[in-house]
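Structure file run09.pdb (PDB, C-alpha atoms) follows.
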```
ATOM      1  CA  MET A   1     -22.245   1.189 124.697
ATOM      2  CA  ASN A   2     -23.377   2.941 127.773
ATOM      3  CA  PHE A   3     -26.619   4.873 127.518
ATOM      4  CA  ALA A   4     -26.780   5.717 131.181
ATOM      5  CA  PRO A   5     -25.286   9.240 130.935
ATOM      6  CA  THR A   6     -27.711  10.288 128.178
ATOM      7  CA  ILE A   7     -30.684   8.880 130.006
ATOM      8  CA  GLU A   8     -29.574  10.544 133.180
ATOM      9  CA  ALA A   9     -29.130  13.875 131.408
ATOM     10  CA  VAL A  10     -32.614  13.697 129.898
ATOM     11  CA  HIS A  11     -34.005  12.658 133.225
ATOM     12  CA  HIS A  12     -32.283  15.529 134.953
ATOM     13  CA  GLY A  13     -33.626  17.997 132.396
ATOM     14  CA  ALA A  14     -37.183  16.804 132.922
ATOM     15  CA  LEU A  15     -36.905  17.081 136.675
ATOM     16  CA  LEU A  16     -35.546  20.635 136.761
ATOM     17  CA  SER A  17     -37.256  22.363 139.647
ATOM     18  CA  ALA A  18     -39.400  25.388 138.844
ATOM     19  CA  SER A  19     -36.911  27.743 140.501
ATOM     20  CA  GLU A  20     -34.094  26.483 138.261
ATOM     21  CA  ALA A  21     -36.160  26.661 135.102
ATOM     22  CA  GLY A  22     -36.965  30.369 135.474
ATOM     23  CA  PRO A  23     -40.314  32.119 135.343
ATOM     24  CA  ALA A  24     -43.256  30.486 133.556
ATOM     25  CA  PRO A  25     -44.154  31.782 130.067
ATOM     26  CA  LYS A  26     -46.275  34.908 130.163
ATOM     27  CA  ARG A  27     -49.119  33.351 128.161
ATOM     28  CA  LEU A  28     -49.505  30.779 130.908
ATOM     29  CA  VAL A  29     -49.352  33.271 133.768
ATOM     30  CA  VAL A  30     -51.885  35.597 132.114
ATOM     31  CA  ALA A  31     -54.317  32.813 131.223
ATOM     32  CA  TYR A  32     -54.077  31.281 134.688
ATOM     33  CA  GLY A  33     -54.726  34.637 136.329
ATOM     34  CA  PHE A  34     -57.736  35.141 134.076
ATOM     35  CA  TRP A  35     -58.948  31.640 134.946
ATOM     36  CA  ILE A  36     -58.870  32.633 138.648
ATOM     37  CA  PHE A  37     -60.869  35.787 137.795
ATOM     38  CA  LEU A  38     -63.444  33.711 135.905
ATOM     39  CA  LEU A  39     -63.819  31.360 138.849
ATOM     40  CA  SER A  40     -64.393  34.318 141.186
ATOM     41  CA  ASP A  41     -66.949  35.644 138.688
ATOM     42  CA  ILE A  42     -68.695  32.269 138.809
ATOM     43  CA  VAL A  43     -68.678  32.447 142.622
ATOM     44  CA  MET A  44     -70.400  35.843 142.336
ATOM     45  CA  PHE A  45     -73.012  34.296 140.039
ATOM     46  CA  ALA A  46     -73.438  31.503 142.612
ATOM     47  CA  ALA A  47     -74.510  34.158 145.125
ATOM     48  CA  PHE A  48     -77.097  35.490 142.633
ATOM     49  CA  PHE A  49     -78.269  31.909 141.964
ATOM     50  CA  ALA A  50     -78.621  31.300 145.716
ATOM     51  CA  GLY A  51     -80.594  34.536 146.094
ATOM     52  CA  TYR A  52     -82.872  33.557 143.216
ATOM     53  CA  ALA A  53     -83.428  30.018 144.540
ATOM     54  CA  VAL A  54     -84.332  31.383 147.978
ATOM     55  CA  LEU A  55     -86.724  34.030 146.614
ATOM     56  CA  VAL A  56     -88.283  32.114 143.714
ATOM     57  CA  ARG A  57     -91.586  31.585 145.577
ATOM     58  CA  ALA A  58     -91.719  35.116 147.042
ATOM     59  CA  THR A  59     -93.965  36.478 144.283
ATOM     60  CA  ALA A  60     -96.000  38.733 146.620
ATOM     61  CA  GLY A  61     -99.177  37.970 144.641
ATOM     62  CA  GLY A  62     -97.471  39.057 141.420
ATOM     63  CA  PRO A  63     -96.824  37.012 138.288
ATOM     64  CA  THR A  64     -94.906  33.736 138.658
ATOM     65  CA  GLY A  65     -92.198  32.379 136.392
ATOM     66  CA  ALA A  66     -94.565  29.913 134.743
ATOM     67  CA  GLU A  67     -96.802  32.836 133.672
ATOM     68  CA  LEU A  68     -93.936  35.018 132.427
ATOM     69  CA  PHE A  69     -91.403  32.784 130.688
ATOM     70  CA  ASP A  70     -91.643  31.937 127.012
ATOM     71  CA  GLN A  71     -89.805  28.689 126.343
ATOM     72  CA  THR A  72     -89.444  29.200 122.593
ATOM     73  CA  ASN A  73     -87.643  32.461 123.232
ATOM     74  CA  VAL A  74     -85.331  30.772 125.750
ATOM     75  CA  ALA A  75     -84.604  27.921 123.318
ATOM     76  CA  ILE A  76     -83.590  30.407 120.604
ATOM     77  CA  GLU A  77     -81.425  32.351 123.086
ATOM     78  CA  THR A  78     -79.743  29.115 124.168
ATOM     79  CA  ALA A  79     -79.101  28.091 120.562
ATOM     80  CA  CYS A  80     -77.573  31.520 119.777
ATOM     81  CA  LEU A  81     -75.228  31.434 122.748
ATOM     82  CA  LEU A  82     -74.190  27.815 122.216
ATOM     83  CA  ALA A  83     -73.488  28.431 118.522
ATOM     84  CA  SER A  84     -71.511  31.569 119.353
ATOM     85  CA  SER A  85     -69.440  29.586 121.862
ATOM     86  CA  PHE A  86     -68.674  27.108 119.062
ATOM     87  CA  THR A  87     -67.721  29.808 116.543
ATOM     88  CA  CYS A  88     -65.606  31.476 119.246
ATOM     89  CA  GLY A  89     -63.688  28.198 119.479
ATOM     90  CA  LEU A  90     -63.250  28.179 115.695
ATOM     91  CA  MET A  91     -62.045  31.796 115.925
ATOM     92  CA  SER A  92     -59.324  30.841 118.412
ATOM     93  CA  LEU A  93     -58.290  27.945 116.124
ATOM     94  CA  ALA A  94     -58.032  30.407 113.241
ATOM     95  CA  ALA A  95     -56.111  32.874 115.413
ATOM     96  CA  ASN A  96     -53.660  30.116 116.391
ATOM     97  CA  THR A  97     -52.832  29.695 112.717
ATOM     98  CA  ARG A  98     -52.717  33.515 112.312
ATOM     99  CA  ASN A  99     -55.274  33.347 109.553
ATOM    100  CA  ARG A 100     -56.762  36.843 109.518
ATOM    101  CA  VAL A 101     -59.687  36.272 107.173
ATOM    102  CA  ARG A 102     -60.884  33.231 109.088
ATOM    103  CA  THR A 103     -60.413  34.990 112.434
ATOM    104  CA  TYR A 104     -62.458  38.004 111.290
ATOM    105  CA  PHE A 105     -65.148  35.785 109.807
ATOM    106  CA  PHE A 106     -65.660  33.665 112.924
ATOM    107  CA  ALA A 107     -65.419  36.764 115.142
ATOM    108  CA  LEU A 108     -68.193  38.338 113.070
ATOM    109  CA  VAL A 109     -70.391  35.233 113.380
ATOM    110  CA  THR A 110     -69.704  35.129 117.141
ATOM    111  CA  PHE A 111     -70.613  38.808 117.439
ATOM    112  CA  VAL A 112     -73.850  38.477 115.443
ATOM    113  CA  LEU A 113     -74.985  35.455 117.474
ATOM    114  CA  GLY A 114     -74.104  37.169 120.757
ATOM    115  CA  ALA A 115     -75.922  40.334 119.677
ATOM    116  CA  ALA A 116     -78.964  38.262 118.693
ATOM    117  CA  PHE A 117     -78.961  36.675 122.143
ATOM    118  CA  LEU A 118     -78.772  40.089 123.792
ATOM    119  CA  ALA A 119     -81.525  41.527 121.568
ATOM    120  CA  LEU A 120     -83.854  38.641 122.450
ATOM    121  CA  GLU A 121     -83.133  39.090 126.143
ATOM    122  CA  ILE A 122     -83.758  42.843 126.020
ATOM    123  CA  ARG A 123     -87.032  42.229 124.166
ATOM    124  CA  GLU A 124     -88.041  39.690 126.823
ATOM    125  CA  PHE A 125     -87.265  42.194 129.604
ATOM    126  CA  GLY A 126     -89.175  44.885 127.728
ATOM    127  CA  ASP A 127     -92.241  42.659 127.356
ATOM    128  CA  MET A 128     -92.139  41.774 131.053
ATOM    129  CA  ILE A 129     -91.828  45.406 132.138
ATOM    130  CA  ALA A 130     -94.665  46.369 129.771
ATOM    131  CA  ILE A 131     -97.079  44.071 131.630
ATOM    132  CA  GLY A 132     -95.995  45.386 135.032
ATOM    133  CA  ALA A 133     -93.514  42.632 135.928
ATOM    134  CA  THR A 134     -90.794  45.093 136.916
ATOM    135  CA  PRO A 135     -87.919  44.382 139.366
ATOM    136  CA  HIS A 136     -89.778  46.157 142.192
ATOM    137  CA  ARG A 137     -92.989  44.130 141.769
ATOM    138  CA  SER A 138     -91.800  41.234 143.963
ATOM    139  CA  ALA A 139     -88.680  39.731 145.529
ATOM    140  CA  PHE A 140     -88.839  36.966 142.912
ATOM    141  CA  LEU A 141     -88.689  39.504 140.078
ATOM    142  CA  SER A 142     -85.873  41.468 141.773
ATOM    143  CA  ALA A 143     -83.814  38.280 142.013
ATOM    144  CA  PHE A 144     -84.717  37.331 138.423
ATOM    145  CA  PHE A 145     -83.656  40.666 136.936
ATOM    146  CA  ALA A 146     -80.479  40.735 139.050
ATOM    147  CA  LEU A 147     -79.406  37.237 137.953
ATOM    148  CA  VAL A 148     -80.396  37.298 134.279
ATOM    149  CA  GLY A 149     -79.515  40.992 133.907
ATOM    150  CA  CYS A 150     -76.037  40.399 135.341
ATOM    151  CA  HIS A 151     -75.428  37.654 132.776
ATOM    152  CA  GLY A 152     -76.753  39.949 130.036
ATOM    153  CA  LEU A 153     -74.341  42.689 131.142
ATOM    154  CA  HIS A 154     -71.480  40.196 130.920
ATOM    155  CA  VAL A 155     -72.525  39.294 127.367
ATOM    156  CA  ALA A 156     -72.698  42.992 126.446
ATOM    157  CA  ALA A 157     -69.202  43.533 127.880
ATOM    158  CA  GLY A 158     -67.981  40.491 125.932
ATOM    159  CA  LEU A 159     -69.349  41.949 122.675
ATOM    160  CA  VAL A 160     -67.493  45.232 123.279
ATOM    161  CA  TRP A 161     -64.351  43.270 124.106
ATOM    162  CA  LEU A 162     -64.673  41.265 120.877
ATOM    163  CA  VAL A 163     -64.887  44.464 118.797
ATOM    164  CA  VAL A 164     -61.815  45.847 120.584
ATOM    165  CA  MET A 165     -59.917  42.603 119.926
ATOM    166  CA  MET A 166     -60.715  42.726 116.206
ATOM    167  CA  ALA A 167     -59.519  46.354 116.087
ATOM    168  CA  GLN A 168     -56.298  45.292 117.819
ATOM    169  CA  ILE A 169     -55.698  42.488 115.321
ATOM    170  CA  ALA A 170     -56.324  44.954 112.487
ATOM    171  CA  THR A 171     -53.948  47.609 113.816
ATOM    172  CA  ARG A 172     -51.302  45.578 115.657
ATOM    173  CA  GLY A 173     -51.491  42.144 114.059
ATOM    174  CA  PHE A 174     -50.973  38.855 115.866
ATOM    175  CA  ARG A 175     -48.559  40.043 118.528
ATOM    176  CA  PRO A 176     -48.051  37.900 121.636
ATOM    177  CA  ALA A 177     -49.924  40.470 123.760
ATOM    178  CA  VAL A 178     -52.886  40.479 121.378
ATOM    179  CA  GLU A 179     -52.895  36.678 121.275
ATOM    180  CA  ARG A 180     -52.962  36.507 125.077
ATOM    181  CA  ARG A 181     -55.962  38.838 125.171
ATOM    182  CA  LEU A 182     -57.687  36.754 122.532
ATOM    183  CA  LEU A 183     -57.123  33.635 124.648
ATOM    184  CA  CYS A 184     -58.617  35.437 127.674
ATOM    185  CA  PHE A 185     -61.587  36.549 125.575
ATOM    186  CA  SER A 186     -62.368  33.009 124.447
ATOM    187  CA  LEU A 187     -62.127  31.791 128.059
ATOM    188  CA  PHE A 188     -64.553  34.553 129.073
ATOM    189  CA  TRP A 189     -67.003  33.746 126.284
ATOM    190  CA  HIS A 190     -67.023  29.998 127.020
ATOM    191  CA  ALA A 191     -67.483  30.704 130.749
ATOM    192  CA  LEU A 192     -70.534  32.870 129.963
ATOM    193  CA  ASP A 193     -72.052  29.945 128.108
ATOM    194  CA  ILE A 194     -71.427  27.669 131.113
ATOM    195  CA  ILE A 195     -73.247  30.160 133.345
ATOM    196  CA  TRP A 196     -76.106  30.302 130.840
ATOM    197  CA  VAL A 197     -76.473  26.496 131.070
ATOM    198  CA  GLY A 198     -77.087  26.830 134.811
ATOM    199  CA  LEU A 199     -79.316  29.827 134.200
ATOM    200  CA  PHE A 200     -81.706  28.365 131.646
ATOM    201  CA  THR A 201     -81.978  25.193 133.718
ATOM    202  CA  VAL A 202     -82.602  26.808 137.115
ATOM    203  CA  VAL A 203     -84.595  29.865 136.043
ATOM    204  CA  TYR A 204     -86.483  28.895 132.912
ATOM    205  CA  LEU A 205     -86.841  25.095 132.788
ATOM    206  CA  MET A 206     -87.342  24.525 136.527
ATOM    207  CA  GLY A 207     -89.525  27.658 136.565
ATOM    208  CA  VAL A 208     -92.022  26.386 133.985
ATOM    209  CA  SER A 209     -92.097  22.694 134.923
ATOM    210  CA  PRO A 210     -94.803  22.032 137.531
TER     211      PRO A 210
ATOM    212  CA  MET B   1     -39.921  20.419 127.978
ATOM    213  CA  THR B   2     -40.404  23.627 129.941
ATOM    214  CA  GLU B   3     -44.065  23.817 128.925
ATOM    215  CA  ALA B   4     -44.663  20.368 130.367
ATOM    216  CA  GLN B   5     -43.159  21.530 133.632
ATOM    217  CA  TYR B   6     -45.300  24.599 134.011
ATOM    218  CA  GLY B   7     -48.496  23.023 132.801
ATOM    219  CA  ARG B   8     -50.882  24.437 130.270
ATOM    220  CA  ALA B   9     -52.833  27.647 130.109
ATOM    221  CA  PRO B  10     -56.577  27.136 130.537
ATOM    222  CA  GLY B  11     -58.247  27.268 127.129
ATOM    223  CA  ASP B  12     -55.097  26.248 125.265
ATOM    224  CA  ASN B  13     -55.553  22.999 123.423
ATOM    225  CA  SER B  14     -51.888  22.684 122.536
ATOM    226  CA  SER B  15     -48.778  23.923 124.271
ATOM    227  CA  ASP B  16     -47.465  25.248 120.967
ATOM    228  CA  PRO B  17     -49.473  28.318 119.959
ATOM    229  CA  VAL B  18     -48.400  28.255 116.316
ATOM    230  CA  GLU B  19     -49.463  25.075 114.606
ATOM    231  CA  ALA B  20     -51.139  24.221 111.370
ATOM    232  CA  TRP B  21     -54.952  24.474 111.307
ATOM    233  CA  GLU B  22     -55.583  21.348 113.291
ATOM    234  CA  PRO B  23     -58.386  19.087 112.166
ATOM    235  CA  SER B  24     -58.200  17.609 115.665
ATOM    236  CA  GLY B  25     -58.999  21.016 117.210
ATOM    237  CA  LEU B  26     -62.002  21.392 114.934
ATOM    238  CA  LEU B  27     -63.090  17.859 115.783
ATOM    239  CA  VAL B  28     -62.921  18.568 119.531
ATOM    240  CA  TYR B  29     -65.152  21.652 119.196
ATOM    241  CA  THR B  30     -67.590  19.798 116.935
ATOM    242  CA  ILE B  31     -67.918  16.862 119.349
ATOM    243  CA  GLY B  32     -68.459  19.372 122.164
ATOM    244  CA  LEU B  33     -71.147  21.189 120.181
ATOM    245  CA  LEU B  34     -72.974  17.948 119.318
ATOM    246  CA  LEU B  35     -72.927  16.742 122.939
ATOM    247  CA  ALA B  36     -74.082  20.164 124.181
ATOM    248  CA  VAL B  37     -76.943  20.261 121.656
ATOM    249  CA  LEU B  38     -77.966  16.734 122.668
ATOM    250  CA  LEU B  39     -77.978  17.617 126.389
ATOM    251  CA  THR B  40     -79.801  20.917 125.835
ATOM    252  CA  THR B  41     -82.571  19.343 123.752
ATOM    253  CA  THR B  42     -82.905  16.590 126.360
ATOM    254  CA  SER B  43     -83.253  19.264 129.072
ATOM    255  CA  PHE B  44     -86.022  21.064 127.165
ATOM    256  CA  TRP B  45     -87.755  17.743 126.472
ATOM    257  CA  VAL B  46     -87.540  16.692 130.146
ATOM    258  CA  ALA B  47     -89.025  20.006 131.282
ATOM    259  CA  ASN B  48     -92.003  19.710 128.931
ATOM    260  CA  THR B  49     -92.839  16.030 128.827
ATOM    261  CA  SER B  50     -95.542  14.388 130.907
ATOM    262  CA  LEU B  51     -94.016  10.935 130.490
ATOM    263  CA  LEU B  52     -91.601  11.270 133.398
ATOM    264  CA  TRP B  53     -92.223  11.097 137.128
ATOM    265  CA  ALA B  54     -92.900  14.753 137.970
ATOM    266  CA  PRO B  55     -91.029  15.038 141.318
ATOM    267  CA  GLY B  56     -87.856  13.705 139.690
ATOM    268  CA  ILE B  57     -87.790  16.299 136.902
ATOM    269  CA  ALA B  58     -85.905  18.963 138.867
ATOM    270  CA  LEU B  59     -83.198  16.479 139.826
ATOM    271  CA  GLY B  60     -82.969  15.223 136.232
ATOM    272  CA  LEU B  61     -82.608  18.799 134.942
ATOM    273  CA  ALA B  62     -79.848  19.484 137.480
ATOM    274  CA  VAL B  63     -77.960  16.351 136.412
ATOM    275  CA  LEU B  64     -78.279  17.299 132.718
ATOM    276  CA  ALA B  65     -77.054  20.855 133.442
ATOM    277  CA  ILE B  66     -74.025  19.631 135.396
ATOM    278  CA  ALA B  67     -73.230  17.139 132.611
ATOM    279  CA  GLN B  68     -73.420  19.928 130.035
ATOM    280  CA  MET B  69     -71.151  22.169 132.132
ATOM    281  CA  GLY B  70     -68.679  19.272 132.172
ATOM    282  CA  VAL B  71     -68.905  18.976 128.379
ATOM    283  CA  HIS B  72     -68.220  22.704 128.018
ATOM    284  CA  LEU B  73     -65.234  22.524 130.380
ATOM    285  CA  VAL B  74     -63.669  19.573 128.581
ATOM    286  CA  PHE B  75     -64.402  20.363 124.922
ATOM    287  CA  PHE B  76     -64.500  24.186 124.881
ATOM    288  CA  LEU B  77     -62.172  25.150 127.746
ATOM    289  CA  HIS B  78     -59.897  22.103 127.275
ATOM    290  CA  ILE B  79     -59.663  21.292 130.970
ATOM    291  CA  THR B  80     -58.240  17.786 131.199
ATOM    292  CA  THR B  81     -57.032  15.450 133.914
ATOM    293  CA  GLY B  82     -53.506  15.471 132.491
ATOM    294  CA  PRO B  83     -50.543  16.426 134.685
ATOM    295  CA  ASP B  84     -50.067  19.693 132.747
ATOM    296  CA  ASN B  85     -53.541  20.790 133.851
ATOM    297  CA  THR B  86     -53.206  20.226 137.597
ATOM    298  CA  ASN B  87     -53.173  23.930 138.487
ATOM    299  CA  ASN B  88     -56.288  24.659 136.435
ATOM    300  CA  VAL B  89     -58.174  21.680 137.876
ATOM    301  CA  LEU B  90     -57.241  22.583 141.451
ATOM    302  CA  ALA B  91     -58.428  26.177 140.982
ATOM    303  CA  LEU B  92     -61.636  24.862 139.417
ATOM    304  CA  ALA B  93     -62.169  22.416 142.285
ATOM    305  CA  PHE B  94     -61.836  25.255 144.798
ATOM    306  CA  GLY B  95     -64.290  27.375 142.794
ATOM    307  CA  VAL B  96     -66.796  24.517 142.667
ATOM    308  CA  LEU B  97     -66.445  24.032 146.430
ATOM    309  CA  ILE B  98     -67.261  27.700 147.100
ATOM    310  CA  VAL B  99     -70.174  27.634 144.635
ATOM    311  CA  PHE B 100     -71.555  24.527 146.355
ATOM    312  CA  LEU B 101     -71.170  26.060 149.830
ATOM    313  CA  VAL B 102     -72.832  29.333 148.822
ATOM    314  CA  ILE B 103     -75.828  27.759 147.052
ATOM    315  CA  ALA B 104     -76.438  24.721 149.285
ATOM    316  CA  GLY B 105     -75.704  26.731 152.454
ATOM    317  CA  SER B 106     -78.105  29.537 151.516
ATOM    318  CA  LEU B 107     -80.903  27.121 150.621
ATOM    319  CA  TRP B 108     -80.372  25.101 153.793
ATOM    320  CA  ILE B 109     -80.286  28.100 156.132
ATOM    321  CA  MET B 110     -83.277  29.813 154.538
ATOM    322  CA  ALA B 111     -85.373  26.607 154.527
ATOM    323  CA  ASP B 112     -84.467  26.111 158.171
ATOM    324  CA  LEU B 113     -85.408  29.682 159.082
ATOM    325  CA  ASN B 114     -88.734  29.336 157.273
ATOM    326  CA  GLU B 115     -89.467  26.207 159.296
ATOM    327  CA  MET B 116     -88.573  27.838 162.616
ATOM    328  CA  MET B 117     -90.657  30.889 161.830
ATOM    329  CA  PRO B 118     -93.937  30.720 163.769
ATOM    330  CA  PRO B 119     -97.065  30.742 161.610
ATOM    331  CA  ALA B 120     -98.499  34.143 160.734
ATOM    332  CA  GLU B 121    -101.431  33.911 163.241
ATOM    333  CA  LEU B 122     -99.023  33.261 166.086
ATOM    334  CA  MET B 123     -96.937  36.263 165.052
ATOM    335  CA  ASP B 124    -100.068  38.431 165.163
ATOM    336  CA  LEU B 125    -100.857  37.192 168.691
ATOM    337  CA  HIS B 126     -97.365  38.174 169.803
ATOM    338  CA  MET B 127     -97.794  41.598 168.295
ATOM    339  CA  GLN B 128    -101.017  42.212 170.249
ATOM    340  CA  HIS B 129     -99.364  41.673 173.641
TER     341      HIS B 129
END
```

Show me the file's structure as structure tokens.
Amino acid sequence: MNFAPTIEAVHHGALLSASEAGPAPKRLVVAYGFWIFLLSDIVMFAAFFAGYAVLVRATAGGPTGAELFDQTNVAIETACLLASSFTCGLMSLAANTRNRVRTYFFALVTFVLGAAFLALEIREFGDMIAIGATPHRSAFLSAFFALVGCHGLHVAAGLVWLVVMMAQIATRGFRPAVERRLLCFSLFWHALDIIWVGLFTVVYLMGVSP
Amino acid sequence: MTEAQYGRAPGDNSSDPVEAWEPSGLLVYTIGLLLAVLLTTTSFWVANTSLLWAPGIALGLAVLAIAQMGVHLVFFLHITTGPDNTNNVLALAFGVLIVFLVIAGSLWIMADLNEMMPPAELMDLHMQH
């Protein structure tokens, strides 16, 4: 009755060094690389945030944030993006079980909510430009359009990506490559929502509170 | 066994990609959504109420935003403190460091420059000479 060899064998297996165990699974390598990209994207947004925070009072006699921002609109935008982040999570759960109908359904809901967010943002920009609050009116407005517009562009790119992913599932099925891209997409979509949290707080809520 | 050695991909809530529709996965997202909704509504309330001490509102909003980012990271991106997540957490920590340096550094330098800048009348005097 000697268990030592078994225990030792198990122990040895668990302590295999990375070089002995071979390369890491591709899903892990791809997702980690995409995680690094997302972090660098967030660093880029940090630069836009810093620019906005520095220039927020440089209105050059033009309209200020408190005069321009409509909080109801921002609340609806926030709700859309948060809900779409949630349905994107449900989509990745459905994709993990390779349930096509569920995946398509939650992808559709995610797309509609994302598109609604983008439509509201474009309408907001249009209203601001219509009353003369264009990016070249003041440094504050330049920084505002750069920061919020950059996030909007990311959302637009995410919507295109989502459509492409659904086409890939339709034509190629749940292959490992398609599943990796789907994982990257959900990371991207959740990261956009994290950036929006910082954005609505710094730009809209701090902008309208006295 | 090998998965545990290499850690976990960010965004993966289980190391095995093919599992039954997990009620636990659904529960995690639902808890995350509820917490996020709670924090967001609190943020909007804080920004609009007159009950709170006005100079503290900006700080309160910042704390709520950082808390909500944490909720999103844990419940939506599945970043944990577990040993299989070390790589992801380290990369995130480095990203947060750079974000902090860029934002705090810019604000500090620009506030400092504004303070050092002579008032406008003095600048005009210099220009006349």

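If all atoms listed in the file are the atoms counted, then among B:Met69, B:Val102, B:Ile57, B:Ile109 the closest residue to A:Ile195 is B:Met69.
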
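Atom CA of A:Ser40 is positioned 24.7 Å from atom CA of B:Leu61.
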
Looking at only C-alpha atoms, which of A:Val43, A:Met166, A:Ala31, A:Ala139 is the one that sits closest to A:Gly61?
->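 Checking each candidate against A:Gly61, we get A:Ala139 as the closest.
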
Residues picked by the ChimeraX specification (/B :<6) & /A here, as a ChimeraX atom specification?
-> /A:28,31-32,39,43,46,50,96-97,194,205,209

Counting all atoms listed in the file, figure out which residue out of A:Ile76, A:Tyr104, A:Thr59, A:Ile129 gets nearest to A:Gln168.
->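 Among A:Ile76, A:Tyr104, A:Thr59, A:Ile129, it is A:Tyr104 that comes nearest to A:Gln168.
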
Expressed in Å to a single decimal, how great is the separation between atom CA of A:Asn73 and atom CA of A:Trp196?
->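 Between these atoms lies a distance of 14.0 Å.
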
Counting only C-alpha atoms, find the residues whose atoms lie at most 8 Å from (-77.8, 32.0, 136.2) (file coordinates) and write them out as a list in words.
-> Phe45, Ala46, Phe48, Phe49, Leu147, Val148, His151, Ile195, Trp196, Val197, Gly198, Leu199, Phe200, Val202 and Val203 of chain A

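Put simply, atom CA of A:Ala143 is 9.1 Å away from atom CA of A:Val54.
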
For this file, the PyMOL selection byres ((chain A and resi 92) around 10) selects which residues, as a list in words?
->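 Checked against the file, the PyMOL selection byres ((chain A and resi 92) around 10) matches Thr87, Cys88, Gly89, Leu90, Met91, Leu93, Ala94, Ala95, Asn96, Thr97, Arg98, Arg102, Thr103, Phe106, Ala107, Glu179, Leu182, Leu183, Phe185 and Ser186 of chain A; Gly11, Asp12 and Gly25 of chain B.
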
Which residues match the PyMOL selection byres ((chain A and resi 66) around 8) in the file above, as a PyMOL selection string?
-> chain A and resi 64-65+67-69+207-209

Quick one: residues within 10 Å of A:Ala119, all atoms listed in the file counted, chain neighbours fewer than 6 positions away excluded, as a list in words?
->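 Here the answer would be Glu77, Leu113, Phe125 and Gly152 of chain A.
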
If you count all atoms listed in the file, which residues fall within 12 Å of A:Val164, apart from same-chain ones fewer than 6 positions away, as a ChimeraX atom specification?
-> /A:107,111,157-158,170-172,178,181-182,185

Sphere at (-85.4, 45.8, 130.9), radius 12 Å, counting all atoms listed in the file: residues as a PyMOL selection string = chain A and resi 118-135+141-142+144-146+148-150+152-153
